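Enquirer: Quick one: this structure, given as structure tokens, is what I'll be asking you about.
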Amino acid sequence: MTITQKSPKQFRFSLIGRMQGYVMDIVEELYYANDIYVTPASRSGWAQRQAHQRKAMAPLKLLSWVAQVSMEQGAI
């Protein structure tokens, strides 16, 4: 979030807003994943944890792309 504080106004509600949203989505899913207690014998716990981790992957890939575009445009 710190890197986006001084971005140009023209990018704040498009690229920067998207980046911040993706970051929050990723962190949220990882917290959900880490809150699930798993043991070597609990298959359902592992499956739930992996589901949250998978949900974090799409926003992570999108964040990577938006960050690249933002750097190219001088937004960050």
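In the structure tokens, the first chain shown is A, the next is B, and so on; residue numbers restart at 1 for each chain, and ligands run from 1 in the order shown.
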Give me the residues within 7 Å of Ala67 of chain A as number ranges by chain, counting only C-alpha atoms and dropping any in the same chain fewer than 4 places off.

Expert: A: 19, 63, 71

Enquirer: With a distance cut-off of 12 Å and only C-alpha atoms, select the neighbouring residues of Ala33 of chain A, excluding the residue or stretch itself and same-chain residues fewer than 6 positions from it, and output the selection as a PyMOL selection string.

Expert: chain A and resi 26-27+45-56

Enquirer: Within 9 Å of Ile16 of chain A, counting only C-alpha atoms, which residues qualify if same-chain residues fewer than 2 places away don't, as a VMD selection string?

Expert: chain A and resid 4 7 11 to 14 18 to 21 66 to 67 70 75 to 76

Enquirer: With N, CA and C atoms retained, export the selected residues as a JSON list (two decimals), in the first residue's frame.

Expert:
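Result file follows (result_38.json):
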[["chain", "number", "residue", "atom", "x", "y", "z"],
["A", 4, "THR", "N", 1.84, 2.91, -3.37],
["A", 4, "THR", "CA", 0.80, 3.56, -4.17],
["A", 4, "THR", "C", 0.39, 4.93, -3.64],
["A", 7, "SER", "N", 1.10, 7.98, -6.08],
["A", 7, "SER", "CA", 0.84, 7.77, -7.51],
["A", 7, "SER", "C", 0.07, 8.95, -8.09],
["A", 11, "PHE", "N", -4.25, 7.81, -12.15],
["A", 11, "PHE", "CA", -4.21, 6.36, -12.03],
["A", 11, "PHE", "C", -4.82, 5.85, -10.73],
["A", 12, "ARG", "N", -5.16, 6.73, -9.80],
["A", 12, "ARG", "CA", -5.58, 6.29, -8.47],
["A", 12, "ARG", "C", -6.85, 5.45, -8.46],
["A", 13, "PHE", "N", -7.78, 5.74, -9.33],
["A", 13, "PHE", "CA", -9.04, 5.01, -9.29],
["A", 13, "PHE", "C", -9.12, 3.90, -10.33],
["A", 14, "SER", "N", -8.08, 3.75, -11.13],
["A", 14, "SER", "CA", -8.08, 2.67, -12.10],
["A", 14, "SER", "C", -7.03, 1.63, -11.72],
["A", 18, "ARG", "N", -7.30, -1.00, -8.43],
["A", 18, "ARG", "CA", -7.29, -2.44, -8.72],
["A", 18, "ARG", "C", -6.19, -3.15, -7.95],
["A", 19, "MET", "N", -5.00, -2.56, -7.96],
["A", 19, "MET", "CA", -3.88, -3.17, -7.24],
["A", 19, "MET", "C", -4.20, -3.33, -5.77],
["A", 20, "GLN", "N", -4.72, -2.29, -5.15],
["A", 20, "GLN", "CA", -5.04, -2.35, -3.73],
["A", 20, "GLN", "C", -6.13, -3.39, -3.46],
["A", 21, "GLY", "N", -7.11, -3.47, -4.35],
["A", 21, "GLY", "CA", -8.16, -4.47, -4.19],
["A", 21, "GLY", "C", -7.62, -5.89, -4.28],
["A", 66, "VAL", "N", -1.12, -6.07, -13.32],
["A", 66, "VAL", "CA", -1.46, -4.65, -13.09],
["A", 66, "VAL", "C", -0.25, -3.89, -12.56],
["A", 67, "ALA", "N", 0.55, -4.52, -11.71],
["A", 67, "ALA", "CA", 1.75, -3.86, -11.21],
["A", 67, "ALA", "C", 2.73, -3.59, -12.35],
["A", 70, "SER", "N", 1.36, -0.74, -14.32],
["A", 70, "SER", "CA", 1.51, 0.48, -13.52],
["A", 70, "SER", "C", 2.93, 1.02, -13.55],
["A", 75, "ALA", "N", 2.91, 4.90, -12.85],
["A", 75, "ALA", "CA", 1.96, 5.09, -11.75],
["A", 75, "ALA", "C", 2.57, 4.69, -10.41],
["A", 76, "ILE", "N", 3.55, 3.82, -10.44],
["A", 76, "ILE", "CA", 4.26, 3.45, -9.20],
["A", 76, "ILE", "C", 5.75, 3.51, -9.45]]

Enquirer: Enumerate the residues of chain A with a DSSP assignment of helix (DSSP H, G or I), computed from the backbone, and present them as an MDAnalysis selection string.

Expert: chainID A and resid 2:4 9:12 15:35 43:73

Enquirer: What gap, in Å, lies between atom CA of Thr2 of chain A and atom CA of Leu15 of chain A?

Expert: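 So the two atoms, atom CA of Thr2 of chain A and atom CA of Leu15 of chain A, lie 14.8 Å apart.
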
Enquirer: Would you please work out which residue, of A:Arg43, A:Gly74, A:Ser64, A:Asn34, is nearest to Lys9 of chain A when using only C-alpha atoms?

Expert: A:Gly74

Enquirer: What gap, in Å, lies between atom CA of Glu29 of chain A and atom CA of Gln73 of chain A?

Expert: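 We find that atom CA of Glu29 of chain A and atom CA of Gln73 of chain A lie 28.9 Å from each other.
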
Enquirer: Between A:Met1, A:Leu60, A:Tyr37, A:Lys6, which residue has the minimum interatomic distance to Asp25 of chain A, considering only C-alpha atoms?

Expert: A:Leu60
